[in-house]
Amino acid sequence: VAKRGQTVLFVSHNLSTINSLCDKAALLSEGAVDSTGPKEEIVGRYLRLLAESSRIRLGDRTDREGNSRLKLLEVELGGEKELGAGIFVSGGSATIRFRYQGNSKDSIPHVGVAMSLSDPSGNQLTDFSNYYVGDDWAEIPPEGVFECTIPKLPFMPGTYSFNIFVRVNGIVADWVLNAGQFIVEAGPFFPTGRLLKAGQGSLLVEHRWDVHRS
């Protein structure tokens with residue numbers, strides 16, 4: 001179509017597709033045009049802005065609870081590599097990293113970490129914890145990164161918020177409400193590429209249907 005002198009408007013977060021199909025690009029931010037120009041320049045600016053927005057600083061937050069044996073300093077969002085850091089898609093992989101620091105140079109014993117997730121309406125959807133999956137740590141370094149990986153994100157498009165909670169030896173060390181949020185874009189969770197309709201829920205569950213003679 002473009003070769004016939006017609007203009008095609010292609011909207012996507014997929015940078016590899018944009019690079020292969022487009023000559024020029026426009027970057028939208030909060031409903032307005034941020035910049036336009038050659039695709040190389042716009043993609044570069046997009047990646048720089050994305051890198052900044054994919055890091056959430058927690059170190060200066062004072063609205064937290066715990067004995068400060070361990071303190072959460074920063075959140076980093078990592079999505080599909082071909083889409084860029086911080087972009088999550090339904091059915092894609094997602095990684096959330098929490099940088100922490102202990103209050104001494106000693107190893108930190110018997111640590112439990114949990115992240116609760118709420119949907120765009122504020123309803124808690126689920127809780128991710130090393131306790132549930134059996135990733136038990138007798139001790140961890142005095143500073144480092146907690147990393148939660150979700151291999152196949154089971155959520156509809158929307159904005160999701162999370163709280164983060166850490167125990168040391170069974171005692172609350174740090175607890176930050178509304179620690180951050182991320183946006184999920186539409187993706188191929190199901191093989192058909194179809195998703196739920198608006199109002200049908202936020203959670204996607206793998207399933208299958210069969211029919212048998214009675």
# chains A, B, ... in the order shown; residues from 1 in each chain; ligands from 1
>>> select_by_dssp(residues="chain A", states="helix (DSSP H, G or I)", output="list in words")
Ala2, Lys3, Arg4, Leu15, Ser16, Thr17, Ile18, Asn19, Ser20, Leu21, Lys39, Glu40, Glu41, Ile42, Val43, Gly44, Arg45, Tyr46, Leu47, Arg48, Leu49, Leu50, Ala51, Glu52, Ser53, Asn130, Tyr131, Tyr132 and Val133 of chain A
>>> residues_around(residues="segment 126-142 of chain A", least_positions_apart="3", cutoff="7 Å", atoms="only C-alpha atoms", output="VMD selection string")
chain A and resid 101 to 102 104 to 117
>>> closest_residue(among="A:Glu147, A:Arg61, A:Asp119, A:Gln124", to="Thr95 of chain A", atoms="only C-alpha atoms")
A:Glu147
>>> closest_residue(among="A:Val89, A:Val211, A:Cys148, A:Leu28", to="Glu76 of chain A", atoms="only C-alpha atoms")
A:Cys148
>>> select_by_dssp(residues="chain A", states="strand (DSSP E or B)", output="ChimeraX atom specification")
/A:24-29,32-38,55-57,64-65,70-78,88-89,94-102,108-118,124-129,137-140,143-150,155,158-168,171-185,203
>>> atom_distance(atom1="atom CA of Gly193 of chain A", atom2="atom CA of Val33 of chain A")
29.1 Å
>>> decode(residues="segment 83-116 of chain A", atoms="N, CA and C atoms", output="PDB file, in the first residue's frame")
ATOM      1  N   LEU A  83      10.093  -5.998  22.980  1.00  0.00           N
ATOM      2  CA  LEU A  83       9.187  -4.869  23.161  1.00  0.00           C
ATOM      3  C   LEU A  83       9.809  -3.762  23.989  1.00  0.00           C
ATOM      4  N   GLY A  84      10.862  -4.088  24.741  1.00  0.00           N
ATOM      5  CA  GLY A  84      11.501  -3.078  25.563  1.00  0.00           C
ATOM      6  C   GLY A  84      11.174  -3.262  27.032  1.00  0.00           C
ATOM      7  N   ALA A  85      12.045  -2.772  27.885  1.00  0.00           N
ATOM      8  CA  ALA A  85      11.870  -2.924  29.333  1.00  0.00           C
ATOM      9  C   ALA A  85      10.602  -2.227  29.791  1.00  0.00           C
ATOM     10  N   GLY A  86       9.893  -2.879  30.701  1.00  0.00           N
ATOM     11  CA  GLY A  86       8.724  -2.247  31.299  1.00  0.00           C
ATOM     12  C   GLY A  86       7.435  -2.417  30.537  1.00  0.00           C
ATOM     13  N   ILE A  87       7.454  -3.047  29.367  1.00  0.00           N
ATOM     14  CA  ILE A  87       6.225  -3.294  28.627  1.00  0.00           C
ATOM     15  C   ILE A  87       5.819  -4.742  28.830  1.00  0.00           C
ATOM     16  N   PHE A  88       4.666  -4.939  29.431  1.00  0.00           N
ATOM     17  CA  PHE A  88       4.137  -6.274  29.646  1.00  0.00           C
ATOM     18  C   PHE A  88       2.989  -6.513  28.670  1.00  0.00           C
ATOM     19  N   VAL A  89       2.838  -7.747  28.237  1.00  0.00           N
ATOM     20  CA  VAL A  89       1.728  -8.106  27.352  1.00  0.00           C
ATOM     21  C   VAL A  89       1.052  -9.358  27.882  1.00  0.00           C
ATOM     22  N   SER A  90      -0.241  -9.474  27.655  1.00  0.00           N
ATOM     23  CA  SER A  90      -0.973 -10.672  28.047  1.00  0.00           C
ATOM     24  C   SER A  90      -0.343 -11.886  27.384  1.00  0.00           C
ATOM     25  N   GLY A  91       0.029 -12.881  28.172  1.00  0.00           N
ATOM     26  CA  GLY A  91       0.645 -14.086  27.627  1.00  0.00           C
ATOM     27  C   GLY A  91       2.146 -14.012  27.484  1.00  0.00           C
ATOM     28  N   GLY A  92       2.737 -12.845  27.698  1.00  0.00           N
ATOM     29  CA  GLY A  92       4.186 -12.696  27.594  1.00  0.00           C
ATOM     30  C   GLY A  92       4.850 -12.893  28.950  1.00  0.00           C
ATOM     31  N   SER A  93       6.168 -12.930  28.951  1.00  0.00           N
ATOM     32  CA  SER A  93       6.893 -13.072  30.210  1.00  0.00           C
ATOM     33  C   SER A  93       7.051 -11.702  30.870  1.00  0.00           C
ATOM     34  N   ALA A  94       7.135 -11.717  32.190  1.00  0.00           N
ATOM     35  CA  ALA A  94       7.305 -10.477  32.948  1.00  0.00           C
ATOM     36  C   ALA A  94       8.247 -10.737  34.108  1.00  0.00           C
ATOM     37  N   THR A  95       9.133  -9.795  34.356  1.00  0.00           N
ATOM     38  CA  THR A  95      10.064  -9.897  35.483  1.00  0.00           C
ATOM     39  C   THR A  95      10.011  -8.600  36.284  1.00  0.00           C
ATOM     40  N   ILE A  96       9.857  -8.740  37.600  1.00  0.00           N
ATOM     41  CA  ILE A  96       9.851  -7.582  38.492  1.00  0.00           C
ATOM     42  C   ILE A  96      10.969  -7.785  39.503  1.00  0.00           C
ATOM     43  N   ARG A  97      11.891  -6.829  39.566  1.00  0.00           N
ATOM     44  CA  ARG A  97      13.054  -6.925  40.450  1.00  0.00           C
ATOM     45  C   ARG A  97      12.973  -5.860  41.540  1.00  0.00           C
ATOM     46  N   PHE A  98      13.284  -6.257  42.759  1.00  0.00           N
ATOM     47  CA  PHE A  98      13.280  -5.351  43.904  1.00  0.00           C
ATOM     48  C   PHE A  98      14.689  -5.305  44.481  1.00  0.00           C
ATOM     49  N   ARG A  99      15.336  -4.165  44.381  1.00  0.00           N
ATOM     50  CA  ARG A  99      16.677  -4.021  44.956  1.00  0.00           C
ATOM     51  C   ARG A  99      16.544  -3.712  46.451  1.00  0.00           C
ATOM     52  N   TYR A 100      17.332  -4.388  47.246  1.00  0.00           N
ATOM     53  CA  TYR A 100      17.233  -4.234  48.691  1.00  0.00           C
ATOM     54  C   TYR A 100      18.614  -4.011  49.310  1.00  0.00           C
ATOM     55  N   GLN A 101      18.606  -3.572  50.573  1.00  0.00           N
ATOM     56  CA  GLN A 101      19.843  -3.411  51.334  1.00  0.00           C
ATOM     57  C   GLN A 101      19.554  -3.686  52.805  1.00  0.00           C
ATOM     58  N   GLY A 102      20.409  -4.496  53.441  1.00  0.00           N
ATOM     59  CA  GLY A 102      20.269  -4.770  54.865  1.00  0.00           C
ATOM     60  C   GLY A 102      20.829  -3.625  55.690  1.00  0.00           C
ATOM     61  N   ASN A 103      20.561  -3.665  56.994  1.00  0.00           N
ATOM     62  CA  ASN A 103      21.037  -2.583  57.863  1.00  0.00           C
ATOM     63  C   ASN A 103      22.409  -2.885  58.473  1.00  0.00           C
ATOM     64  N   SER A 104      23.059  -3.965  57.996  1.00  0.00           N
ATOM     65  CA  SER A 104      24.414  -4.272  58.429  1.00  0.00           C
ATOM     66  C   SER A 104      25.104  -5.049  57.317  1.00  0.00           C
ATOM     67  N   LYS A 105      26.365  -5.387  57.511  1.00  0.00           N
ATOM     68  CA  LYS A 105      27.114  -6.131  56.515  1.00  0.00           C
ATOM     69  C   LYS A 105      26.967  -7.646  56.681  1.00  0.00           C
ATOM     70  N   ASP A 106      26.149  -8.058  57.632  1.00  0.00           N
ATOM     71  CA  ASP A 106      25.930  -9.485  57.878  1.00  0.00           C
ATOM     72  C   ASP A 106      24.892 -10.047  56.913  1.00  0.00           C
ATOM     73  N   SER A 107      24.992 -11.348  56.642  1.00  0.00           N
ATOM     74  CA  SER A 107      23.974 -12.021  55.841  1.00  0.00           C
ATOM     75  C   SER A 107      22.623 -11.923  56.555  1.00  0.00           C
ATOM     76  N   ILE A 108      21.553 -11.964  55.776  1.00  0.00           N
ATOM     77  CA  ILE A 108      20.206 -11.805  56.330  1.00  0.00           C
ATOM     78  C   ILE A 108      19.529 -13.181  56.349  1.00  0.00           C
ATOM     79  N   PRO A 109      19.129 -13.666  57.528  1.00  0.00           N
ATOM     80  CA  PRO A 109      18.611 -15.040  57.628  1.00  0.00           C
ATOM     81  C   PRO A 109      17.102 -15.152  57.431  1.00  0.00           C
ATOM     82  N   HIS A 110      16.696 -16.298  56.849  1.00  0.00           N
ATOM     83  CA  HIS A 110      15.291 -16.712  56.780  1.00  0.00           C
ATOM     84  C   HIS A 110      14.383 -15.585  56.275  1.00  0.00           C
ATOM     85  N   VAL A 111      14.514 -15.308  54.991  1.00  0.00           N
ATOM     86  CA  VAL A 111      13.798 -14.188  54.379  1.00  0.00           C
ATOM     87  C   VAL A 111      12.597 -14.701  53.584  1.00  0.00           C
ATOM     88  N   GLY A 112      11.478 -14.042  53.765  1.00  0.00           N
ATOM     89  CA  GLY A 112      10.290 -14.305  52.964  1.00  0.00           C
ATOM     90  C   GLY A 112       9.851 -13.022  52.290  1.00  0.00           C
ATOM     91  N   VAL A 113       9.527 -13.096  51.006  1.00  0.00           N
ATOM     92  CA  VAL A 113       9.108 -11.902  50.257  1.00  0.00           C
ATOM     93  C   VAL A 113       7.821 -12.208  49.517  1.00  0.00           C
ATOM     94  N   ALA A 114       6.925 -11.233  49.475  1.00  0.00           N
ATOM     95  CA  ALA A 114       5.637 -11.417  48.802  1.00  0.00           C
ATOM     96  C   ALA A 114       5.241 -10.132  48.094  1.00  0.00           C
ATOM     97  N   MET A 115       4.561 -10.298  46.969  1.00  0.00           N
ATOM     98  CA  MET A 115       4.050  -9.168  46.193  1.00  0.00           C
ATOM     99  C   MET A 115       2.581  -9.433  45.898  1.00  0.00           C
ATOM    100  N   SER A 116       1.699  -8.573  46.395  1.00  0.00           N
ATOM    101  CA  SER A 116       0.276  -8.699  46.097  1.00  0.00           C
ATOM    102  C   SER A 116      -0.067  -7.790  44.931  1.00  0.00           C
TER     103      SER A 116
END
